[in-house]
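Peer 1: Handing over work.tsv, TSV, C-alpha atoms.
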chain	number	residue	atom	x	y	z
A	1	ALA	CA	16.85	-6.74	6.71
A	2	SER	CA	15.63	-5.51	3.35
A	3	ALA	CA	15.86	-6.51	-0.30
A	4	GLY	CA	14.75	-4.86	-3.53
A	5	THR	CA	14.91	-5.60	-7.25
A	6	SER	CA	13.62	-3.96	-10.42
A	7	GLY	CA	12.84	-5.46	-13.79
A	8	ALA	CA	10.51	-3.09	-15.60
A	9	LEU	CA	8.28	-4.81	-18.17
A	10	GLY	CA	9.88	-8.12	-17.14
A	11	SER	CA	10.40	-10.28	-14.10
A	12	ALA	CA	11.94	-9.43	-10.75
A	13	TYR	CA	12.30	-11.40	-7.50
A	14	ALA	CA	13.18	-10.24	-4.01
A	15	THR	CA	13.32	-12.01	-0.64
A	16	GLY	CA	13.98	-10.28	2.67
A	17	VAL	CA	14.97	-13.40	4.67
A	18	TYR	CA	15.32	-17.03	3.57
A	19	ALA	CA	16.02	-19.95	5.91
A	20	THR	CA	15.88	-23.73	5.52
A	21	GLY	CA	16.65	-26.72	7.72
A	22	THR	CA	15.31	-29.82	9.42
A	23	ASP	CA	13.74	-27.94	12.34
A	24	VAL	CA	13.51	-24.19	11.76
A	25	TYR	CA	13.07	-21.70	14.62
A	26	PHE	CA	12.40	-18.14	13.48
A	27	ASP	CA	12.21	-15.16	15.87
A	28	ASN	CA	11.84	-11.64	14.48
A	29	GLU	CA	11.61	-8.59	16.70
A	30	GLY	CA	13.01	-6.14	14.15
A	31	SER	CA	12.09	-5.11	10.61
A	32	ILE	CA	12.17	-7.23	7.44
A	33	SER	CA	11.08	-6.00	4.01
A	34	ALA	CA	11.23	-7.00	0.36
A	35	SER	CA	10.20	-5.07	-2.75
A	36	ALA	CA	10.16	-5.96	-6.43
A	37	VAL	CA	9.18	-3.96	-9.51
A	38	GLY	CA	8.25	-5.57	-12.82
A	39	ASP	CA	5.18	-6.87	-14.62
A	40	TYR	CA	5.85	-10.40	-13.30
A	41	SER	CA	7.60	-9.48	-10.08
A	42	THR	CA	7.50	-11.45	-6.81
A	43	ALA	CA	8.44	-10.14	-3.38
A	44	ILE	CA	8.58	-12.29	-0.23
A	45	GLY	CA	9.31	-10.79	3.16
A	46	ALA	CA	10.26	-14.00	5.01
A	47	ASP	CA	10.56	-17.39	3.26
A	48	LEU	CA	11.08	-20.38	5.59
A	49	VAL	CA	11.33	-24.10	4.71
A	50	ALA	CA	11.61	-26.99	7.19
A	51	THR	CA	11.65	-30.73	6.55
A	52	ASN	CA	10.41	-31.64	10.04
A	53	SER	CA	8.87	-28.79	12.05
A	54	LEU	CA	8.72	-25.02	11.75
A	55	HIS	CA	8.37	-22.56	14.64
A	56	PHE	CA	7.59	-18.96	13.66
A	57	TYR	CA	7.43	-15.99	16.03
A	58	ASN	CA	7.10	-12.35	14.97
A	59	ALA	CA	6.94	-9.35	17.28
A	60	GLY	CA	8.35	-6.94	14.71
A	61	THR	CA	7.41	-5.88	11.19
A	62	ILE	CA	7.51	-7.99	8.02
A	63	SER	CA	6.42	-6.49	4.70
A	64	ALA	CA	6.46	-7.32	1.00
A	65	THR	CA	5.64	-4.96	-1.88
A	66	ALA	CA	5.37	-5.98	-5.54
A	67	THR	CA	4.65	-3.49	-8.30
A	68	GLY	CA	3.52	-4.63	-11.75
A	69	ALA	CA	0.50	-5.87	-13.68
A	70	ASP	CA	0.91	-9.52	-12.64
A	71	ALA	CA	2.96	-8.96	-9.50
A	72	THR	CA	2.72	-11.10	-6.36
A	73	ALA	CA	3.64	-10.03	-2.84
A	74	ILE	CA	3.86	-12.55	0.02
A	75	GLY	CA	4.52	-11.22	3.50
A	76	THR	CA	5.54	-14.58	4.97
A	77	ARG	CA	5.76	-17.99	3.27
A	78	LEU	CA	6.10	-21.04	5.52
A	79	ASP	CA	6.67	-24.60	4.29
A	80	GLY	CA	6.80	-27.21	7.04
A	81	SER	CA	6.64	-30.16	4.62
A	82	ALA	CA	4.73	-32.92	6.47
A	83	GLY	CA	5.64	-31.58	9.91
A	84	THR	CA	3.74	-29.23	12.19
A	85	VAL	CA	3.93	-25.47	11.67
A	86	TYR	CA	3.62	-23.26	14.75
A	87	PHE	CA	2.74	-19.66	13.91
A	88	ASP	CA	2.68	-16.91	16.56
A	89	ASN	CA	2.34	-13.29	15.43
A	90	GLU	CA	2.36	-10.37	17.85
A	91	GLY	CA	3.65	-7.84	15.36
A	92	THR	CA	2.67	-6.68	11.86
A	93	ILE	CA	2.79	-8.61	8.58
A	94	THR	CA	1.70	-6.89	5.36
A	95	ALA	CA	1.62	-7.68	1.66
A	96	THR	CA	0.91	-5.00	-0.97
A	97	SER	CA	0.69	-5.65	-4.71
A	98	ASP	CA	-0.85	-4.38	-7.93
A	99	GLY	CA	-1.77	-8.03	-8.56
A	100	THR	CA	-2.04	-10.65	-5.82
A	101	ALA	CA	-1.17	-9.94	-2.19
A	102	ILE	CA	-0.83	-12.77	0.34
A	103	ALA	CA	-0.04	-11.85	3.93
A	104	VAL	CA	0.75	-15.39	5.13
A	105	GLN	CA	1.10	-18.50	2.96
A	106	PHE	CA	1.45	-22.06	4.31
A	107	ASN	CA	2.65	-24.69	1.84
A	108	GLY	CA	3.19	-27.83	3.95
A	109	THR	CA	0.93	-30.86	4.22
A	110	GLY	CA	1.15	-31.15	8.01
A	111	PRO	CA	-1.05	-29.48	10.62
A	112	LEU	CA	-0.97	-25.74	11.32
A	113	ASN	CA	-1.25	-24.18	14.79
A	114	PHE	CA	-1.86	-20.47	14.22
A	115	THR	CA	-2.22	-17.65	16.76
A	116	ASN	CA	-2.45	-13.97	15.84
A	117	ASN	CA	-2.30	-11.23	18.45
A	118	GLY	CA	-1.06	-8.60	16.02
A	119	THR	CA	-2.01	-7.30	12.58
A	120	LEU	CA	-2.13	-9.20	9.29
A	121	THR	CA	-3.01	-7.25	6.12
A	122	ALA	CA	-3.25	-8.17	2.44
A	123	ASP	CA	-3.84	-5.35	-0.06
A	124	GLY	CA	-3.89	-6.52	-3.67
A	125	GLY	CA	-5.22	-4.89	-6.79
A	126	VAL	CA	-6.55	-8.25	-8.02
A	127	ASP	CA	-6.73	-10.46	-4.92
A	128	SER	CA	-6.11	-9.81	-1.23
A	129	ILE	CA	-5.49	-13.12	0.56
A	130	VAL	CA	-4.62	-12.69	4.20
A	131	ILE	CA	-4.20	-16.43	4.93
A	132	ASP	CA	-3.49	-19.03	2.23
A	133	THR	CA	-3.26	-22.76	3.04
A	134	SER	CA	-4.54	-23.94	-0.35
A	135	TYR	CA	-1.28	-25.75	-1.19
A	136	GLY	CA	-1.69	-28.11	1.78
A	137	ALA	CA	-4.28	-30.60	3.01
A	138	GLY	CA	-3.54	-30.58	6.74
A	139	ASP	CA	-5.95	-29.82	9.57
A	140	ASP	CA	-5.48	-26.13	10.36
A	141	SER	CA	-6.35	-24.47	13.68
A	142	LEU	CA	-6.36	-20.67	13.58
A	143	TYR	CA	-7.01	-18.34	16.51
A	144	ASN	CA	-7.29	-14.60	15.95
A	145	TYR	CA	-7.04	-12.17	18.87
A	146	GLY	CA	-5.87	-9.20	16.79
A	147	THR	CA	-6.80	-7.70	13.42
A	148	ILE	CA	-6.72	-9.41	10.04
A	149	THR	CA	-7.69	-7.86	6.69
A	150	GLY	CA	-8.34	-9.84	3.52
A	151	ASN	CA	-9.84	-13.18	2.48
A	152	PHE	CA	-8.93	-16.79	3.35
A	153	ASN	CA	-8.00	-19.51	0.88
A	154	PHE	CA	-7.92	-22.86	2.71
A	155	GLY	CA	-7.04	-26.25	1.28
A	156	ALA	CA	-8.65	-29.59	2.03
A	157	GLY	CA	-8.59	-30.74	5.64
A	158	ASP	CA	-10.64	-30.03	8.74
A	159	ASP	CA	-10.04	-26.30	9.31
A	160	TYR	CA	-11.00	-24.33	12.42
A	161	PHE	CA	-11.03	-20.53	12.64
A	162	TYR	CA	-11.77	-18.72	15.91
A	163	ASN	CA	-12.27	-14.95	16.00
A	164	ALA	CA	-12.09	-13.97	19.66
A	165	ALA	CA	-14.01	-11.30	21.54
A	166	GLY	CA	-12.27	-7.99	20.80
A	167	ALA	CA	-10.72	-9.35	17.59
A	168	THR	CA	-11.49	-8.07	14.09
A	169	TRP	CA	-11.63	-9.72	10.70
A	170	ASN	CA	-12.03	-7.23	7.84
A	171	ALA	CA	-13.24	-9.69	5.21
A	172	THR	CA	-12.79	-8.72	1.55
A	173	GLY	CA	-13.29	-10.70	-1.63
A	174	TYR	CA	-14.01	-14.44	-1.68
A	175	THR	CA	-13.12	-16.61	1.32
A	176	ASP	CA	-13.00	-20.35	0.60
A	177	PHE	CA	-12.76	-22.78	3.51
A	178	GLY	CA	-12.21	-25.66	1.08
A	179	ASP	CA	-13.26	-29.26	1.52
A	180	GLY	CA	-13.33	-31.01	4.89
A	181	ASP	CA	-15.28	-30.54	8.12
A	182	ASP	CA	-14.67	-26.82	8.66
A	183	THR	CA	-15.65	-24.56	11.55
A	184	LEU	CA	-15.87	-20.79	11.92
A	185	VAL	CA	-16.61	-19.40	15.40
A	186	ASN	CA	-16.98	-15.63	15.73
A	187	ASN	CA	-17.02	-13.97	19.14
A	188	GLY	CA	-15.60	-10.70	17.84
A	189	ASP	CA	-16.28	-8.48	14.84
A	190	ILE	CA	-16.41	-9.46	11.17
A	191	TYR	CA	-16.72	-6.54	8.73
A	192	MET	CA	-17.61	-7.69	5.20
A	193	THR	CA	-16.82	-5.40	2.24
A	194	ASP	CA	-18.00	-6.93	-1.07
A	195	ALA	CA	-17.17	-10.23	0.61
A	196	THR	CA	-18.31	-13.85	0.45
A	197	ILE	CA	-17.57	-16.60	2.99
A	198	ALA	CA	-17.99	-20.06	1.43
A	199	PHE	CA	-17.63	-23.59	2.81
A	200	GLY	CA	-16.70	-26.50	0.56
A	201	GLY	CA	-17.90	-30.08	0.68
A	202	TYR	CA	-17.80	-31.75	4.09
A	203	THR	CA	-16.15	-35.07	4.90
A	204	THR	CA	-17.97	-36.63	7.87
A	205	TYR	CA	-19.60	-34.26	10.35
A	206	GLY	CA	-20.43	-31.25	8.22
A	207	ASN	CA	-19.45	-27.57	8.36
A	208	LEU	CA	-20.28	-25.17	11.20
A	209	PHE	CA	-20.61	-21.36	11.28
A	210	GLN	CA	-21.32	-20.13	14.81
A	211	ASN	CA	-21.73	-16.40	15.39
A	212	ASN	CA	-21.74	-14.99	18.91
A	213	GLY	CA	-20.36	-11.59	17.91
A	214	ASN	CA	-21.05	-8.95	15.27
A	215	ILE	CA	-21.14	-9.26	11.50
What is this structure when it is put down as structure tokens?
Peer 2:
Amino acid sequence: ASAGTSGALGSAYATGVYATGTDVYFDNEGSISASAVGDYSTAIGADLVATNSLHFYNAGTISATATGADATAIGTRLDGSAGTVYFDNEGTITATSDGTAIAVQFNGTGPLNFTNNGTLTADGGVDSIVIDTSYGAGDDSLYNYGTITGNFNFGAGDDYFYNAAGATWNATGYTDFGDGDDTLVNNGDIYMTDATIAFGGYTTYGNLFQNNGNI
């Protein structure tokens, strides 16, 4: 599936796939893309909204490209409302923009169970956010066994990120773990290019950064 719009010097909006429901089950093993051209353009590869629970599986390719001075590209946007979001990626998700690029955005207030065995890439001229949970306040658990490129933008909540042995995080820009008792465990490789990793204020137990790999 693919979608494209153009609105030079104006606004444009394109979505590759949109789905909504009470419980949403998404399985992609093909190719999905969206592209938009315009100064205020927005392109979203896959946009999913659930009122109870959301189950996402990707073994294919999902991409979003937005061209323009204030353009935004979002590879995948998932909104599980107050329910649990289950994210399993074994394929490739990319976002490319002259402005802000977000590979994966989570907008619900419920917990997130995230596993990546594939490739997640954000490439933005202004900001490159590979994982964005800043719109929610749930407790997020993220496990990376593949390759991710970009920075994190987490919301409040007790967030846990695990970078496994053999996994790679190419950190760029400013990563914000947000408020809450947050944990980063690295057993793999973290490559930092003009990058900062920051923890916000803790709630009860404090924040933890444990490195057993390479930085």
Peer 1: Could you list, as a PyMOL selection string, every residue within 10 Å of A:Ser31, counting all atoms listed in the file and ignoring same-chain residues fewer than 4 positions away?
Peer 2: chain A and resi 1-2+16+45+58-63+92
Peer 1: So that I can check the surroundings of stretch 177-190 of chain A, please list as a PDB file with C-alpha atoms, keeping the file's coordinate frame every protein, DNA and RNA residue that reaches within 10 Å of it, counting only C-alpha atoms and ignoring chain neighbours fewer than 6 positions away.
Peer 2:
ATOM      1  CA  THR A 133      -3.260 -22.760   3.040  1.00  0.00           C
ATOM      2  CA  SER A 134      -4.540 -23.940  -0.350  1.00  0.00           C
ATOM      3  CA  ALA A 137      -4.280 -30.600   3.010  1.00  0.00           C
ATOM      4  CA  GLY A 138      -3.540 -30.580   6.740  1.00  0.00           C
ATOM      5  CA  ASP A 139      -5.950 -29.820   9.570  1.00  0.00           C
ATOM      6  CA  ASP A 140      -5.480 -26.130  10.360  1.00  0.00           C
ATOM      7  CA  SER A 141      -6.350 -24.470  13.680  1.00  0.00           C
ATOM      8  CA  LEU A 142      -6.360 -20.670  13.580  1.00  0.00           C
ATOM      9  CA  TYR A 143      -7.010 -18.340  16.510  1.00  0.00           C
ATOM     10  CA  ASN A 144      -7.290 -14.600  15.950  1.00  0.00           C
ATOM     11  CA  TYR A 145      -7.040 -12.170  18.870  1.00  0.00           C
ATOM     12  CA  GLY A 146      -5.870  -9.200  16.790  1.00  0.00           C
ATOM     13  CA  THR A 147      -6.800  -7.700  13.420  1.00  0.00           C
ATOM     14  CA  ILE A 148      -6.720  -9.410  10.040  1.00  0.00           C
ATOM     15  CA  THR A 149      -7.690  -7.860   6.690  1.00  0.00           C
ATOM     16  CA  PHE A 152      -8.930 -16.790   3.350  1.00  0.00           C
ATOM     17  CA  ASN A 153      -8.000 -19.510   0.880  1.00  0.00           C
ATOM     18  CA  PHE A 154      -7.920 -22.860   2.710  1.00  0.00           C
ATOM     19  CA  GLY A 155      -7.040 -26.250   1.280  1.00  0.00           C
ATOM     20  CA  ALA A 156      -8.650 -29.590   2.030  1.00  0.00           C
ATOM     21  CA  GLY A 157      -8.590 -30.740   5.640  1.00  0.00           C
ATOM     22  CA  ASP A 158     -10.640 -30.030   8.740  1.00  0.00           C
ATOM     23  CA  ASP A 159     -10.040 -26.300   9.310  1.00  0.00           C
ATOM     24  CA  TYR A 160     -11.000 -24.330  12.420  1.00  0.00           C
ATOM     25  CA  PHE A 161     -11.030 -20.530  12.640  1.00  0.00           C
ATOM     26  CA  TYR A 162     -11.770 -18.720  15.910  1.00  0.00           C
ATOM     27  CA  ASN A 163     -12.270 -14.950  16.000  1.00  0.00           C
ATOM     28  CA  ALA A 164     -12.090 -13.970  19.660  1.00  0.00           C
ATOM     29  CA  ALA A 165     -14.010 -11.300  21.540  1.00  0.00           C
ATOM     30  CA  GLY A 166     -12.270  -7.990  20.800  1.00  0.00           C
ATOM     31  CA  ALA A 167     -10.720  -9.350  17.590  1.00  0.00           C
ATOM     32  CA  THR A 168     -11.490  -8.070  14.090  1.00  0.00           C
ATOM     33  CA  TRP A 169     -11.630  -9.720  10.700  1.00  0.00           C
ATOM     34  CA  ASN A 170     -12.030  -7.230   7.840  1.00  0.00           C
ATOM     35  CA  ALA A 171     -13.240  -9.690   5.210  1.00  0.00           C
ATOM     36  CA  ILE A 197     -17.570 -16.600   2.990  1.00  0.00           C
ATOM     37  CA  ALA A 198     -17.990 -20.060   1.430  1.00  0.00           C
ATOM     38  CA  PHE A 199     -17.630 -23.590   2.810  1.00  0.00           C
ATOM     39  CA  GLY A 200     -16.700 -26.500   0.560  1.00  0.00           C
ATOM     40  CA  GLY A 201     -17.900 -30.080   0.680  1.00  0.00           C
ATOM     41  CA  TYR A 202     -17.800 -31.750   4.090  1.00  0.00           C
ATOM     42  CA  THR A 203     -16.150 -35.070   4.900  1.00  0.00           C
ATOM     43  CA  THR A 204     -17.970 -36.630   7.870  1.00  0.00           C
ATOM     44  CA  TYR A 205     -19.600 -34.260  10.350  1.00  0.00           C
ATOM     45  CA  GLY A 206     -20.430 -31.250   8.220  1.00  0.00           C
ATOM     46  CA  ASN A 207     -19.450 -27.570   8.360  1.00  0.00           C
ATOM     47  CA  LEU A 208     -20.280 -25.170  11.200  1.00  0.00           C
ATOM     48  CA  PHE A 209     -20.610 -21.360  11.280  1.00  0.00           C
ATOM     49  CA  GLN A 210     -21.320 -20.130  14.810  1.00  0.00           C
ATOM     50  CA  ASN A 211     -21.730 -16.400  15.390  1.00  0.00           C
ATOM     51  CA  ASN A 212     -21.740 -14.990  18.910  1.00  0.00           C
ATOM     52  CA  GLY A 213     -20.360 -11.590  17.910  1.00  0.00           C
ATOM     53  CA  ASN A 214     -21.050  -8.950  15.270  1.00  0.00           C
ATOM     54  CA  ILE A 215     -21.140  -9.260  11.500  1.00  0.00           C
TER      55      ILE A 215
END
Peer 1: Within 8 Å of (2.3, -11.1, 15.6) (file coordinates; only C-alpha atoms), which protein or nucleic acid residues are there? I'd like them as a list in words.
Peer 2: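 I get Tyr57, Asn58, Ala59, Gly60, Asp88, Asn89, Glu90, Gly91, Thr92, Ile93, Asn116, Asn117, Gly118, Thr119 and Leu120 of chain A for the residues within 8 Å of that point.
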Peer 1: Quick one: distance from atom CA of A:Leu78 to atom CA of A:Gly150 in Å, one decimal?
Peer 2: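 These atoms are spaced 18.4 Å apart.
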Peer 1: Distance atom CA of A:Tyr135-atom CA of A:Arg77, one decimal place?
Peer 2: 11.4 Å
Peer 1: Just the number, please: distance in Å from atom CA of A:Thr15 to atom CA of A:Gly30, one decimal.
Peer 2: 15.9 Å
Peer 1: So, counting only C-alpha atoms, which residue among A:Gly125, A:Thr67, A:Asn107, A:Gly136 is closest to A:Thr172?
Peer 2: A:Gly125
Peer 1: Report, as lines of an AutoDock Vina configuration file, the centre and edge lengths in Å (one decimal) of the axis-aligned box enclosing every listed atom of stretch 50-66 of chain A, padded by 6 Å on each side.
Peer 2:
center_x = 8.5
center_y = -18.3
center_z = 5.9
size_x = 18.3
size_y = 38.7
size_z = 34.8
Peer 1: Can you work out which one of A:Ala14, A:Val85, A:Val24, A:Val130 has the shortest atom-to-atom distance to A:Ala64, counting all atoms listed in the file?
Peer 2: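 Answer, going by the shortest atom-to-atom distance: A:Ala14.
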Peer 1: Within 9 Å of A:Asp98, counting only C-alpha atoms, which residues show up once you throw out same-chain ones fewer than 2 positions away? Write them as a PyMOL selection string, please.
Peer 2: chain A and resi 65-73+96+100-101+123-127
Peer 1: Considering all atoms listed in the file, can you say which of A:Ser97, A:Thr76, A:Asn151, A:Thr109 comes closest to A:Ala19?
Peer 2: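 Ranked by minimum distance to A:Ala19, first place goes to A:Thr76.
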Peer 1: Is there a way to get, as a ChimeraX atom specification, all residues within 9 Å of the point (14.3, -14.6, -1.9) in file coordinates, counting all atoms listed in the file?
Peer 2: /A:3,13-18,34,42-47
